[in-house]
$ cat data-v6.cif   # mmCIF, C-alpha atoms
data_input
loop_
_atom_site.label_atom_id
_atom_site.label_comp_id
_atom_site.auth_asym_id
_atom_site.auth_seq_id
_atom_site.Cartn_x
_atom_site.Cartn_y
_atom_site.Cartn_z
CA MET C 1063 -40.51 -9.76 -88.74
CA ASN C 1064 -36.89 -9.00 -88.31
CA CYS C 1065 -36.22 -11.04 -85.19
CA ILE C 1066 -32.78 -12.67 -84.93
CA PHE C 1067 -34.12 -15.54 -82.81
CA CYS C 1068 -36.98 -16.25 -85.22
CA LYS C 1069 -34.33 -16.43 -87.95
CA ILE C 1070 -32.27 -18.85 -85.87
CA ILE C 1071 -35.33 -21.08 -85.41
CA ALA C 1072 -35.97 -20.95 -89.16
CA GLY C 1073 -32.34 -21.83 -89.89
CA GLU C 1074 -31.75 -18.55 -91.70
CA ILE C 1075 -29.07 -17.65 -89.18
CA PRO C 1076 -26.79 -20.50 -88.07
CA SER C 1077 -26.69 -21.68 -84.47
CA VAL C 1078 -25.37 -24.65 -82.53
CA LYS C 1079 -28.57 -26.45 -81.60
CA ILE C 1080 -29.02 -28.37 -78.37
CA TYR C 1081 -32.68 -29.35 -78.57
CA GLU C 1082 -35.85 -28.70 -80.51
CA ASP C 1083 -39.46 -29.83 -80.24
CA GLU C 1084 -42.82 -28.43 -81.33
CA LEU C 1085 -42.81 -25.70 -78.68
CA VAL C 1086 -39.22 -24.71 -77.91
CA PHE C 1087 -35.75 -24.38 -79.43
CA ALA C 1088 -32.49 -24.47 -77.45
CA PHE C 1089 -29.07 -23.38 -78.71
CA MET C 1090 -25.64 -22.30 -77.53
CA ASP C 1091 -25.22 -18.67 -76.41
CA ILE C 1092 -22.36 -17.29 -78.53
CA ALA C 1093 -20.95 -15.16 -75.68
CA PRO C 1094 -21.35 -17.38 -72.63
CA ILE C 1095 -21.04 -16.49 -68.95
CA ASN C 1096 -19.55 -19.98 -68.65
CA LYS C 1097 -18.86 -22.31 -71.55
CA GLY C 1098 -21.99 -24.40 -72.02
CA HIS C 1099 -24.40 -21.46 -71.54
CA VAL C 1100 -27.59 -22.28 -73.46
CA LEU C 1101 -30.67 -20.25 -74.44
CA VAL C 1102 -34.14 -21.83 -74.46
CA ILE C 1103 -36.72 -19.93 -76.49
CA PRO C 1104 -40.35 -20.38 -77.52
CA LYS C 1105 -40.73 -21.13 -81.23
CA GLU C 1106 -43.65 -18.74 -81.36
CA HIS C 1107 -42.47 -15.14 -81.21
CA HIS C 1108 -43.14 -13.34 -77.95
CA ASN C 1109 -41.37 -10.15 -76.94
CA SER C 1110 -42.16 -10.84 -73.30
CA SER C 1111 -42.27 -13.95 -71.13
CA SER C 1112 -45.62 -12.70 -69.85
CA THR C 1113 -47.45 -13.58 -73.07
CA VAL C 1114 -45.87 -17.03 -73.50
CA PRO C 1115 -48.61 -19.67 -73.06
CA GLU C 1116 -48.34 -21.63 -69.82
CA GLU C 1117 -47.75 -24.91 -71.65
CA THR C 1118 -44.85 -23.40 -73.57
CA GLY C 1119 -43.45 -21.78 -70.43
CA GLY C 1120 -43.61 -25.17 -68.75
CA ARG C 1121 -41.66 -26.71 -71.60
CA MET C 1122 -39.07 -23.92 -71.40
CA PHE C 1123 -38.71 -24.43 -67.65
CA HIS C 1124 -38.52 -28.21 -67.98
CA VAL C 1125 -36.10 -28.25 -70.91
CA GLY C 1126 -34.01 -25.52 -69.26
CA SER C 1127 -33.64 -27.36 -65.98
CA ARG C 1128 -32.94 -30.68 -67.70
CA ILE C 1129 -30.26 -28.97 -69.80
CA GLY C 1130 -28.94 -27.67 -66.47
CA VAL C 1131 -28.54 -31.25 -65.29
CA ALA C 1132 -26.85 -32.16 -68.59
CA LEU C 1133 -24.40 -29.29 -68.07
CA LYS C 1134 -23.49 -30.78 -64.69
CA ARG C 1135 -23.10 -34.31 -66.04
CA GLY C 1136 -21.51 -33.50 -69.36
CA LEU C 1137 -19.27 -30.60 -68.42
CA ASP C 1138 -18.50 -31.27 -64.73
CA PHE C 1139 -20.33 -28.29 -63.29
CA GLU C 1140 -22.00 -28.43 -59.87
CA GLY C 1141 -25.04 -26.22 -60.46
CA PHE C 1142 -26.80 -23.88 -62.83
CA ASN C 1143 -28.85 -20.73 -63.04
CA LEU C 1144 -32.01 -20.12 -65.00
CA HIS C 1145 -32.28 -16.42 -65.79
CA LEU C 1146 -34.69 -14.39 -67.85
CA ALA C 1147 -34.64 -10.65 -68.50
CA ASP C 1148 -37.94 -9.01 -69.38
CA GLY C 1149 -37.48 -5.44 -70.55
CA THR C 1150 -34.43 -3.44 -71.57
CA CYS C 1151 -33.85 -2.16 -68.03
CA ALA C 1152 -33.75 -5.77 -66.85
CA GLY C 1153 -31.04 -6.67 -69.36
CA GLN C 1154 -33.14 -7.98 -72.24
CA VAL C 1155 -31.21 -7.39 -75.46
CA VAL C 1156 -33.14 -9.50 -77.98
CA ASN C 1157 -36.88 -8.90 -78.00
CA HIS C 1158 -37.82 -12.57 -78.22
CA ALA C 1159 -38.34 -14.07 -74.75
CA HIS C 1160 -35.37 -16.29 -73.82
CA LEU C 1161 -34.38 -18.32 -70.80
CA HIS C 1162 -30.66 -18.43 -70.04
CA VAL C 1163 -29.29 -21.71 -68.69
CA VAL C 1164 -25.91 -20.90 -67.16
CA PRO C 1165 -23.70 -23.72 -65.88
CA ARG C 1166 -22.09 -22.90 -62.54
CA GLY C 1167 -19.14 -24.28 -60.67
CA VAL C 1168 -17.53 -23.68 -57.30
CA GLU C 1169 -14.45 -22.33 -59.01
CA ASP C 1170 -15.95 -20.67 -62.07
CA GLY C 1171 -14.85 -17.19 -61.00
CA PHE C 1172 -18.31 -15.79 -61.53
CA HIS C 1173 -20.88 -14.48 -59.10
CA TRP C 1174 -24.13 -12.65 -59.53
CA ASN C 1175 -24.51 -9.26 -57.98
CA TRP C 1176 -27.06 -9.46 -55.25
CA ARG C 1177 -28.28 -6.95 -52.73
CA GLN C 1178 -30.68 -7.15 -49.84
CA LEU C 1179 -32.86 -4.13 -49.12
CA GLU C 1180 -34.86 -3.85 -45.90
CA TYR C 1181 -38.56 -3.16 -45.56
CA ALA C 1182 -39.83 -0.76 -42.92
CA GLU C 1183 -42.56 -2.03 -40.58
CA GLY C 1184 -45.65 -2.85 -42.65
CA GLU C 1185 -44.05 -1.86 -45.94
CA SER C 1186 -43.87 -5.39 -47.32
CA ALA C 1187 -47.58 -6.01 -46.69
CA GLU C 1188 -48.50 -2.65 -48.20
CA THR C 1189 -46.35 -3.38 -51.26
CA ALA C 1190 -47.98 -6.80 -51.59
CA GLU C 1191 -51.44 -5.22 -51.69
CA ARG C 1192 -50.38 -3.03 -54.60
CA ILE C 1193 -48.96 -6.06 -56.45
CA LYS C 1194 -52.06 -8.16 -55.84
CA SER C 1195 -54.34 -5.35 -57.04
CA LYS C 1196 -52.70 -5.56 -60.47
CA LEU C 1197 -52.18 -9.32 -60.72
CA LYS C 1198 -54.05 -10.84 -63.66
CA LEU C 1199 -53.21 -14.42 -64.50
CA MET E 1069 -38.88 -32.41 -43.16
CA ASN E 1070 -37.31 -29.28 -41.81
CA CYS E 1071 -37.74 -27.07 -44.89
CA ILE E 1072 -38.41 -23.40 -44.20
CA PHE E 1073 -40.39 -23.01 -47.44
CA CYS E 1074 -42.57 -26.05 -46.71
CA LYS E 1075 -43.30 -24.44 -43.33
CA ILE E 1076 -44.22 -21.16 -45.04
CA ILE E 1077 -46.64 -23.02 -47.33
CA ALA E 1078 -48.14 -24.78 -44.30
CA GLY E 1079 -48.51 -21.45 -42.49
CA GLU E 1080 -46.19 -22.55 -39.70
CA ILE E 1081 -43.84 -19.68 -40.53
CA PRO E 1082 -45.50 -16.36 -41.42
CA SER E 1083 -45.08 -14.81 -44.86
CA VAL E 1084 -46.70 -12.07 -46.91
CA LYS E 1085 -48.57 -14.07 -49.54
CA ILE E 1086 -49.09 -12.85 -53.08
CA TYR E 1087 -50.77 -15.85 -54.67
CA GLU E 1088 -51.60 -19.49 -54.07
CA ASP E 1089 -53.20 -22.26 -56.08
CA GLU E 1090 -53.05 -26.04 -56.06
CA LEU E 1091 -49.55 -26.16 -57.54
CA VAL E 1092 -47.64 -23.06 -56.48
CA PHE E 1093 -47.27 -20.52 -53.67
CA ALA E 1094 -45.91 -16.97 -54.10
CA PHE E 1095 -44.77 -14.66 -51.31
CA MET E 1096 -42.66 -11.60 -50.65
CA ASP E 1097 -38.89 -12.08 -50.33
CA ILE E 1098 -37.94 -10.62 -46.94
CA ALA E 1099 -34.61 -9.21 -48.20
CA PRO E 1100 -35.46 -7.93 -51.67
CA ILE E 1101 -33.13 -6.83 -54.46
CA ASN E 1102 -35.82 -4.23 -55.17
CA LYS E 1103 -38.94 -3.73 -53.09
CA GLY E 1104 -41.61 -5.98 -54.57
CA HIS E 1105 -39.25 -8.96 -55.06
CA VAL E 1106 -41.38 -12.13 -54.94
CA LEU E 1107 -40.57 -15.84 -54.72
CA VAL E 1108 -42.67 -18.43 -56.56
CA ILE E 1109 -42.30 -21.98 -55.27
CA PRO E 1110 -43.85 -25.37 -55.97
CA LYS E 1111 -46.07 -26.57 -53.13
CA GLU E 1112 -44.55 -30.00 -53.47
CA HIS E 1113 -41.06 -30.11 -52.04
CA HIS E 1114 -38.26 -30.34 -54.60
CA ASN E 1115 -34.66 -29.51 -53.81
CA SER E 1116 -33.98 -28.92 -57.48
CA SER E 1117 -35.89 -27.32 -60.33
CA SER E 1118 -34.92 -30.35 -62.40
CA THR E 1119 -37.37 -32.65 -60.63
CA VAL E 1120 -40.31 -30.22 -60.66
CA PRO E 1121 -43.04 -31.67 -62.93
CA GLU E 1122 -43.44 -29.81 -66.21
CA GLU E 1123 -47.00 -28.75 -65.36
CA THR E 1124 -45.85 -27.22 -62.09
CA GLY E 1125 -42.87 -25.57 -63.77
CA GLY E 1126 -45.26 -24.09 -66.29
CA ARG E 1127 -47.39 -22.68 -63.52
CA MET E 1128 -44.29 -21.24 -61.81
CA PHE E 1129 -43.18 -19.62 -65.07
CA HIS E 1130 -46.66 -18.29 -65.84
CA VAL E 1131 -47.39 -16.98 -62.34
CA GLY E 1132 -43.87 -15.53 -62.11
CA SER E 1133 -44.13 -13.60 -65.36
CA ARG E 1134 -47.66 -12.39 -64.58
CA ILE E 1135 -46.44 -11.20 -61.18
CA GLY E 1136 -43.68 -9.46 -63.13
CA VAL E 1137 -46.34 -7.55 -65.07
CA ALA E 1138 -48.15 -6.71 -61.82
CA LEU E 1139 -44.88 -5.33 -60.43
CA LYS E 1140 -44.66 -3.01 -63.42
CA ARG E 1141 -48.28 -1.90 -63.17
CA GLY E 1142 -48.59 -1.74 -59.41
CA LEU E 1143 -45.17 -0.40 -58.45
CA ASP E 1144 -44.15 1.60 -61.54
CA PHE E 1145 -41.26 -0.58 -62.62
CA GLU E 1146 -40.34 -1.01 -66.30
CA GLY E 1147 -39.20 -4.63 -66.36
CA PHE E 1148 -38.40 -7.70 -64.30
CA ASN E 1149 -36.07 -10.64 -63.99
CA LEU E 1150 -36.94 -14.25 -63.38
CA HIS E 1151 -34.01 -15.95 -61.68
CA LEU E 1152 -33.48 -19.41 -60.27
CA ALA E 1153 -30.39 -20.80 -58.57
CA ASP E 1154 -29.92 -24.55 -58.64
CA GLY E 1155 -27.11 -25.69 -56.38
CA THR E 1156 -25.13 -23.92 -53.67
CA CYS E 1157 -22.45 -22.76 -56.09
CA ALA E 1158 -25.19 -21.13 -58.17
CA GLY E 1159 -26.45 -19.15 -55.19
CA GLN E 1160 -29.20 -21.46 -53.92
CA VAL E 1161 -29.58 -20.88 -50.17
CA VAL E 1162 -32.87 -22.68 -49.40
CA ASN E 1163 -33.09 -26.23 -50.72
CA HIS E 1164 -36.64 -25.92 -52.00
CA ALA E 1165 -36.69 -24.84 -55.66
CA HIS E 1166 -37.71 -21.17 -55.94
CA LEU E 1167 -38.12 -18.72 -58.76
CA HIS E 1168 -37.18 -15.12 -57.96
CA VAL E 1169 -39.30 -12.41 -59.58
CA VAL E 1170 -37.30 -9.19 -59.30
CA PRO E 1171 -38.86 -5.89 -60.37
CA ARG E 1172 -36.49 -3.72 -62.37
CA GLY E 1173 -36.37 -0.07 -63.23
CA VAL E 1174 -34.17 2.17 -65.32
CA GLU E 1175 -33.04 3.99 -62.20
CA ASP E 1176 -33.08 1.18 -59.64
CA GLY E 1177 -29.33 1.34 -59.08
CA PHE E 1178 -28.98 -2.40 -59.59
CA HIS E 1179 -27.35 -4.40 -62.32
CA TRP E 1180 -26.50 -8.05 -62.69
CA ASN E 1181 -22.92 -9.02 -63.20
CA TRP E 1182 -22.54 -10.41 -66.63
CA ARG E 1183 -19.51 -11.59 -68.55
CA GLN E 1184 -18.99 -12.83 -72.07
CA LEU E 1185 -16.43 -15.55 -72.66
CA GLU E 1186 -15.29 -16.48 -76.16
CA TYR E 1187 -15.25 -19.91 -77.76
CA ALA E 1188 -12.31 -21.05 -79.82
CA GLU E 1189 -13.04 -22.35 -83.33
CA GLY E 1190 -15.20 -25.47 -83.04
CA GLU E 1191 -15.31 -25.36 -79.24
CA SER E 1192 -19.00 -24.44 -79.02
CA ALA E 1193 -20.03 -27.36 -81.25
CA GLU E 1194 -17.81 -29.76 -79.31
CA THR E 1195 -19.27 -28.51 -76.00
CA ALA E 1196 -22.78 -28.93 -77.41
CA GLU E 1197 -22.09 -32.58 -78.21
CA ARG E 1198 -21.09 -33.22 -74.62
CA ILE E 1199 -24.26 -31.52 -73.36
CA LYS E 1200 -26.50 -33.41 -75.77
CA SER E 1201 -24.93 -36.74 -74.81
CA LYS E 1202 -26.17 -36.23 -71.23
CA LEU E 1203 -29.53 -34.58 -71.93
CA LYS E 1204 -32.46 -36.64 -70.60
CA LEU E 1205 -35.83 -34.93 -70.60
#
$ encode --input "data-v6.cif" --output "structure tokens"
Amino acid sequence: MNCIFCKIIAGEIPSVKIYEDELVFAFMDIAPINKGHVLVIPKEHHNSSSTVPEETGGRMFHVGSRIGVALKRGLDFEGFNLHLADGTCAGQVVNHAHLHVVPRGVEDGFHWNWRQLEYAEGESAETAERIKSKLKL
Amino acid sequence: MNCIFCKIIAGEIPSVKIYEDELVFAFMDIAPINKGHVLVIPKEHHNSSSTVPEETGGRMFHVGSRIGVALKRGLDFEGFNLHLADGTCAGQVVNHAHLHVVPRGVEDGFHWNWRQLEYAEGESAETAERIKSKLKL
């Protein structure tokens, strides 16, 4: 395979490592939203988060949130975001599932876009039925 | 406790449920970024993702990403984001850890802000040392 993140895990492409165990690898994002931005990835290659085994996803979530706490304690931030893009239209650039850990501060000058659409009467319940009809765990 | 999400889990406040098991509860966000936006929360109350047990975090990650697939299949989206805000400055509004699952499409008219800062020579490695010195799993 020609995956840049697999090559980082293998040490064929250099990275600044934060953490590694049998399931996950964490390293510094080279173009951070805020300085301290870390990526947590499964060692096993998965294009999508949806095929990552639950145990590995749990390790990613746990390591990501604990790195979030370390960002607060070590770099004087007050919060963090965990963010994952699945699919090009969602912002995924590297096709190896990766969880962003972004340190956040009151005065970091960054904010996420957000918007709030409104459902018509009954539309949310109808939408939920369509989701549930396709949900396979 | 006076937590709105604990009350949703208990059925004291109505919600449109997508999924429930012994560890997690998933329901429709009432003010979605795109229609189909779901929240996945631990049944046990945690203000922060960082205290959620790894097993529960794994279930949140797994259920969230599988709901993401259901959003694609059931609602004709092409991707999804998982997003979690930890701390007010990060955008956390309800103090019960929650994972957003946001369906995304090529033509959904939404994009996340993103920015890319640059590290000076050696700054990333120095920052990493400060993070690692505070990392407790």
$ residues_around --input "data-v6.cif" --residues "stretch 1137-1141 of chain E" --least-positions-apart "2" --cutoff "10 Å" --atoms "only C-alpha atoms" --output "PyMOL selection string"
(chain C and resi 1110-1112+1148+1189-1190+1192-1199) or (chain E and resi 1103-1106+1131-1135+1143-1148+1169-1173)
$ resolve_selection --input "data-v6.cif" --expression "the PyMOL selection byres ((chain C and resi 1067) around 12)" --output "VMD selection string"
chain C and resid 1063 to 1066 1068 to 1077 1086 to 1089 1091 1101 to 1109 1155 to 1160
$ axis_aligned_box --input "data-v6.cif" --around "stretch 1183-1193 of chain C" --padding-each-side "5 Å" --output "AutoDock Vina command-line options"
--center_x -47.0 --center_y -4.3 --center_z -48.5 --size_x 18.9 --size_y 14.9 --size_z 25.9
$ calpha_fit_and_write --input "data-v6.cif" --fixed "chain C" --moving "chain E" --output "PDB file with C-alpha atoms, keeping the file's coordinate frame"
ATOM      1  CA  MET E1069     -40.525  -9.778 -88.723  1.00  0.00           C
ATOM      2  CA  ASN E1070     -36.874  -9.006 -88.323  1.00  0.00           C
ATOM      3  CA  CYS E1071     -36.217 -11.046 -85.168  1.00  0.00           C
ATOM      4  CA  ILE E1072     -32.789 -12.655 -84.933  1.00  0.00           C
ATOM      5  CA  PHE E1073     -34.130 -15.527 -82.806  1.00  0.00           C
ATOM      6  CA  CYS E1074     -36.986 -16.251 -85.224  1.00  0.00           C
ATOM      7  CA  LYS E1075     -34.334 -16.424 -87.960  1.00  0.00           C
ATOM      8  CA  ILE E1076     -32.267 -18.847 -85.866  1.00  0.00           C
ATOM      9  CA  ILE E1077     -35.326 -21.082 -85.412  1.00  0.00           C
ATOM     10  CA  ALA E1078     -35.980 -20.932 -89.164  1.00  0.00           C
ATOM     11  CA  GLY E1079     -32.348 -21.824 -89.881  1.00  0.00           C
ATOM     12  CA  GLU E1080     -31.756 -18.547 -91.695  1.00  0.00           C
ATOM     13  CA  ILE E1081     -29.059 -17.645 -89.173  1.00  0.00           C
ATOM     14  CA  PRO E1082     -26.773 -20.497 -88.073  1.00  0.00           C
ATOM     15  CA  SER E1083     -26.683 -21.667 -84.463  1.00  0.00           C
ATOM     16  CA  VAL E1084     -25.373 -24.639 -82.517  1.00  0.00           C
ATOM     17  CA  LYS E1085     -28.586 -26.437 -81.590  1.00  0.00           C
ATOM     18  CA  ILE E1086     -29.017 -28.368 -78.369  1.00  0.00           C
ATOM     19  CA  TYR E1087     -32.670 -29.354 -78.566  1.00  0.00           C
ATOM     20  CA  GLU E1088     -35.849 -28.710 -80.510  1.00  0.00           C
ATOM     21  CA  ASP E1089     -39.448 -29.826 -80.242  1.00  0.00           C
ATOM     22  CA  GLU E1090     -42.792 -28.433 -81.333  1.00  0.00           C
ATOM     23  CA  LEU E1091     -42.804 -25.706 -78.683  1.00  0.00           C
ATOM     24  CA  VAL E1092     -39.229 -24.707 -77.905  1.00  0.00           C
ATOM     25  CA  PHE E1093     -35.757 -24.375 -79.428  1.00  0.00           C
ATOM     26  CA  ALA E1094     -32.485 -24.464 -77.446  1.00  0.00           C
ATOM     27  CA  PHE E1095     -29.075 -23.373 -78.711  1.00  0.00           C
ATOM     28  CA  MET E1096     -25.657 -22.302 -77.518  1.00  0.00           C
ATOM     29  CA  ASP E1097     -25.216 -18.674 -76.427  1.00  0.00           C
ATOM     30  CA  ILE E1098     -22.363 -17.292 -78.542  1.00  0.00           C
ATOM     31  CA  ALA E1099     -20.951 -15.158 -75.693  1.00  0.00           C
ATOM     32  CA  PRO E1100     -21.365 -17.383 -72.647  1.00  0.00           C
ATOM     33  CA  ILE E1101     -21.041 -16.500 -68.967  1.00  0.00           C
ATOM     34  CA  ASN E1102     -19.530 -19.981 -68.652  1.00  0.00           C
ATOM     35  CA  LYS E1103     -18.863 -22.314 -71.554  1.00  0.00           C
ATOM     36  CA  GLY E1104     -21.996 -24.401 -72.019  1.00  0.00           C
ATOM     37  CA  HIS E1105     -24.393 -21.449 -71.542  1.00  0.00           C
ATOM     38  CA  VAL E1106     -27.600 -22.268 -73.450  1.00  0.00           C
ATOM     39  CA  LEU E1107     -30.671 -20.247 -74.428  1.00  0.00           C
ATOM     40  CA  VAL E1108     -34.140 -21.819 -74.454  1.00  0.00           C
ATOM     41  CA  ILE E1109     -36.726 -19.925 -76.487  1.00  0.00           C
ATOM     42  CA  PRO E1110     -40.344 -20.398 -77.519  1.00  0.00           C
ATOM     43  CA  LYS E1111     -40.716 -21.135 -81.227  1.00  0.00           C
ATOM     44  CA  GLU E1112     -43.621 -18.740 -81.352  1.00  0.00           C
ATOM     45  CA  HIS E1113     -42.459 -15.153 -81.222  1.00  0.00           C
ATOM     46  CA  HIS E1114     -43.140 -13.339 -77.952  1.00  0.00           C
ATOM     47  CA  ASN E1115     -41.371 -10.157 -76.943  1.00  0.00           C
ATOM     48  CA  SER E1116     -42.182 -10.845 -73.316  1.00  0.00           C
ATOM     49  CA  SER E1117     -42.270 -13.938 -71.136  1.00  0.00           C
ATOM     50  CA  SER E1118     -45.620 -12.687 -69.864  1.00  0.00           C
ATOM     51  CA  THR E1119     -47.450 -13.586 -73.068  1.00  0.00           C
ATOM     52  CA  VAL E1120     -45.867 -17.030 -73.493  1.00  0.00           C
ATOM     53  CA  PRO E1121     -48.613 -19.672 -73.058  1.00  0.00           C
ATOM     54  CA  GLU E1122     -48.343 -21.630 -69.822  1.00  0.00           C
ATOM     55  CA  GLU E1123     -47.755 -24.911 -71.668  1.00  0.00           C
ATOM     56  CA  THR E1124     -44.848 -23.409 -73.579  1.00  0.00           C
ATOM     57  CA  GLY E1125     -43.459 -21.794 -70.434  1.00  0.00           C
ATOM     58  CA  GLY E1126     -43.617 -25.178 -68.768  1.00  0.00           C
ATOM     59  CA  ARG E1127     -41.664 -26.720 -71.598  1.00  0.00           C
ATOM     60  CA  MET E1128     -39.079 -23.911 -71.402  1.00  0.00           C
ATOM     61  CA  PHE E1129     -38.719 -24.433 -67.650  1.00  0.00           C
ATOM     62  CA  HIS E1130     -38.523 -28.218 -67.981  1.00  0.00           C
ATOM     63  CA  VAL E1131     -36.091 -28.255 -70.910  1.00  0.00           C
ATOM     64  CA  GLY E1132     -34.009 -25.518 -69.262  1.00  0.00           C
ATOM     65  CA  SER E1133     -33.637 -27.365 -65.975  1.00  0.00           C
ATOM     66  CA  ARG E1134     -32.937 -30.690 -67.704  1.00  0.00           C
ATOM     67  CA  ILE E1135     -30.268 -28.973 -69.800  1.00  0.00           C
ATOM     68  CA  GLY E1136     -28.950 -27.666 -66.484  1.00  0.00           C
ATOM     69  CA  VAL E1137     -28.544 -31.260 -65.299  1.00  0.00           C
ATOM     70  CA  ALA E1138     -26.845 -32.183 -68.586  1.00  0.00           C
ATOM     71  CA  LEU E1139     -24.409 -29.298 -68.064  1.00  0.00           C
ATOM     72  CA  LYS E1140     -23.489 -30.767 -64.692  1.00  0.00           C
ATOM     73  CA  ARG E1141     -23.109 -34.298 -66.028  1.00  0.00           C
ATOM     74  CA  GLY E1142     -21.519 -33.501 -69.359  1.00  0.00           C
ATOM     75  CA  LEU E1143     -19.261 -30.598 -68.416  1.00  0.00           C
ATOM     76  CA  ASP E1144     -18.511 -31.275 -64.733  1.00  0.00           C
ATOM     77  CA  PHE E1145     -20.325 -28.291 -63.292  1.00  0.00           C
ATOM     78  CA  GLU E1146     -22.005 -28.429 -59.867  1.00  0.00           C
ATOM     79  CA  GLY E1147     -25.043 -26.227 -60.443  1.00  0.00           C
ATOM     80  CA  PHE E1148     -26.805 -23.877 -62.825  1.00  0.00           C
ATOM     81  CA  ASN E1149     -28.852 -20.725 -63.040  1.00  0.00           C
ATOM     82  CA  LEU E1150     -32.008 -20.124 -64.999  1.00  0.00           C
ATOM     83  CA  HIS E1151     -32.270 -16.430 -65.805  1.00  0.00           C
ATOM     84  CA  LEU E1152     -34.695 -14.386 -67.850  1.00  0.00           C
ATOM     85  CA  ALA E1153     -34.648 -10.651 -68.498  1.00  0.00           C
ATOM     86  CA  ASP E1154     -37.938  -9.009 -69.373  1.00  0.00           C
ATOM     87  CA  GLY E1155     -37.498  -5.440 -70.544  1.00  0.00           C
ATOM     88  CA  THR E1156     -34.437  -3.443 -71.565  1.00  0.00           C
ATOM     89  CA  CYS E1157     -33.842  -2.155 -68.047  1.00  0.00           C
ATOM     90  CA  ALA E1158     -33.758  -5.770 -66.857  1.00  0.00           C
ATOM     91  CA  GLY E1159     -31.040  -6.660 -69.349  1.00  0.00           C
ATOM     92  CA  GLN E1160     -33.138  -7.974 -72.244  1.00  0.00           C
ATOM     93  CA  VAL E1161     -31.190  -7.381 -75.468  1.00  0.00           C
ATOM     94  CA  VAL E1162     -33.140  -9.497 -77.994  1.00  0.00           C
ATOM     95  CA  ASN E1163     -36.888  -8.913 -78.004  1.00  0.00           C
ATOM     96  CA  HIS E1164     -37.824 -12.575 -78.227  1.00  0.00           C
ATOM     97  CA  ALA E1165     -38.335 -14.075 -74.756  1.00  0.00           C
ATOM     98  CA  HIS E1166     -35.366 -16.288 -73.822  1.00  0.00           C
ATOM     99  CA  LEU E1167     -34.386 -18.313 -70.812  1.00  0.00           C
ATOM    100  CA  HIS E1168     -30.659 -18.425 -70.048  1.00  0.00           C
ATOM    101  CA  VAL E1169     -29.302 -21.705 -68.684  1.00  0.00           C
ATOM    102  CA  VAL E1170     -25.916 -20.899 -67.158  1.00  0.00           C
ATOM    103  CA  PRO E1171     -23.700 -23.710 -65.869  1.00  0.00           C
ATOM    104  CA  ARG E1172     -22.094 -22.908 -62.536  1.00  0.00           C
ATOM    105  CA  GLY E1173     -19.150 -24.269 -60.649  1.00  0.00           C
ATOM    106  CA  VAL E1174     -17.551 -23.670 -57.286  1.00  0.00           C
ATOM    107  CA  GLU E1175     -14.449 -22.326 -58.988  1.00  0.00           C
ATOM    108  CA  ASP E1176     -15.944 -20.663 -62.062  1.00  0.00           C
ATOM    109  CA  GLY E1177     -14.837 -17.194 -60.995  1.00  0.00           C
ATOM    110  CA  PHE E1178     -18.319 -15.794 -61.534  1.00  0.00           C
ATOM    111  CA  HIS E1179     -20.882 -14.492 -59.117  1.00  0.00           C
ATOM    112  CA  TRP E1180     -24.128 -12.632 -59.549  1.00  0.00           C
ATOM    113  CA  ASN E1181     -24.495  -9.261 -57.963  1.00  0.00           C
ATOM    114  CA  TRP E1182     -27.040  -9.489 -55.258  1.00  0.00           C
ATOM    115  CA  ARG E1183     -28.269  -6.963 -52.734  1.00  0.00           C
ATOM    116  CA  GLN E1184     -30.688  -7.143 -49.851  1.00  0.00           C
ATOM    117  CA  LEU E1185     -32.853  -4.128 -49.128  1.00  0.00           C
ATOM    118  CA  GLU E1186     -34.865  -3.849 -45.920  1.00  0.00           C
ATOM    119  CA  TYR E1187     -38.567  -3.156 -45.548  1.00  0.00           C
ATOM    120  CA  ALA E1188     -39.834  -0.766 -42.927  1.00  0.00           C
ATOM    121  CA  GLU E1189     -42.549  -2.041 -40.571  1.00  0.00           C
ATOM    122  CA  GLY E1190     -45.649  -2.852 -42.624  1.00  0.00           C
ATOM    123  CA  GLU E1191     -44.048  -1.848 -45.925  1.00  0.00           C
ATOM    124  CA  SER E1192     -43.864  -5.387 -47.320  1.00  0.00           C
ATOM    125  CA  ALA E1193     -47.573  -6.010 -46.678  1.00  0.00           C
ATOM    126  CA  GLU E1194     -48.505  -2.647 -48.186  1.00  0.00           C
ATOM    127  CA  THR E1195     -46.346  -3.375 -51.262  1.00  0.00           C
ATOM    128  CA  ALA E1196     -47.979  -6.798 -51.576  1.00  0.00           C
ATOM    129  CA  GLU E1197     -51.429  -5.211 -51.701  1.00  0.00           C
ATOM    130  CA  ARG E1198     -50.365  -3.028 -54.599  1.00  0.00           C
ATOM    131  CA  ILE E1199     -48.963  -6.049 -56.451  1.00  0.00           C
ATOM    132  CA  LYS E1200     -52.062  -8.149 -55.831  1.00  0.00           C
ATOM    133  CA  SER E1201     -54.346  -5.353 -57.030  1.00  0.00           C
ATOM    134  CA  LYS E1202     -52.698  -5.558 -60.473  1.00  0.00           C
ATOM    135  CA  LEU E1203     -52.165  -9.321 -60.721  1.00  0.00           C
ATOM    136  CA  LYS E1204     -54.051 -10.860 -63.665  1.00  0.00           C
ATOM    137  CA  LEU E1205     -53.185 -14.442 -64.504  1.00  0.00           C
TER     138      LEU E1205
END
$ residues_around --input "data-v6.cif" --residues "C:Phe1123" --least-positions-apart "2" --cutoff "8 Å" --atoms "all atoms listed in the file" --output "ChimeraX atom specification"
/C:1119-1121,1125-1127 /E:1122,1125-1126,1129
$ atom_distance --input "data-v6.cif" --atom1 "atom CA of E:Met1096" --atom2 "atom CA of E:Trp1182"
25.7 Å
$ closest_residue --input "data-v6.cif" --among "C:Glu1082, C:Glu1188, C:Asp1170, C:Glu1117" --to "chain E" --atoms "all atoms listed in the file"
C:Glu1117
$ resolve_selection --input "data-v6.cif" --expression "the PyMOL selection byres ((chain C and resi 1151) around 6)" --output "list of chain:residue names"
C:Gly1149, C:Thr1150, C:Ala1152, C:Gly1153, E:Gly1173, E:Val1174
$ write_last_selection --input "data-v6.cif" --atoms "C-alpha atoms" --output "short mmCIF file (atom, residue, chain, number, x, y, z; two decimals), in the coordinates of the input"
data_model
loop_
_atom_site.label_atom_id
_atom_site.label_comp_id
_atom_site.auth_asym_id
_atom_site.auth_seq_id
_atom_site.Cartn_x
_atom_site.Cartn_y
_atom_site.Cartn_z
CA GLY C 1149 -37.48 -5.44 -70.55
CA THR C 1150 -34.43 -3.44 -71.57
CA ALA C 1152 -33.75 -5.77 -66.85
CA GLY C 1153 -31.04 -6.67 -69.36
CA GLY E 1173 -36.37 -0.07 -63.23
CA VAL E 1174 -34.17 2.17 -65.32
#
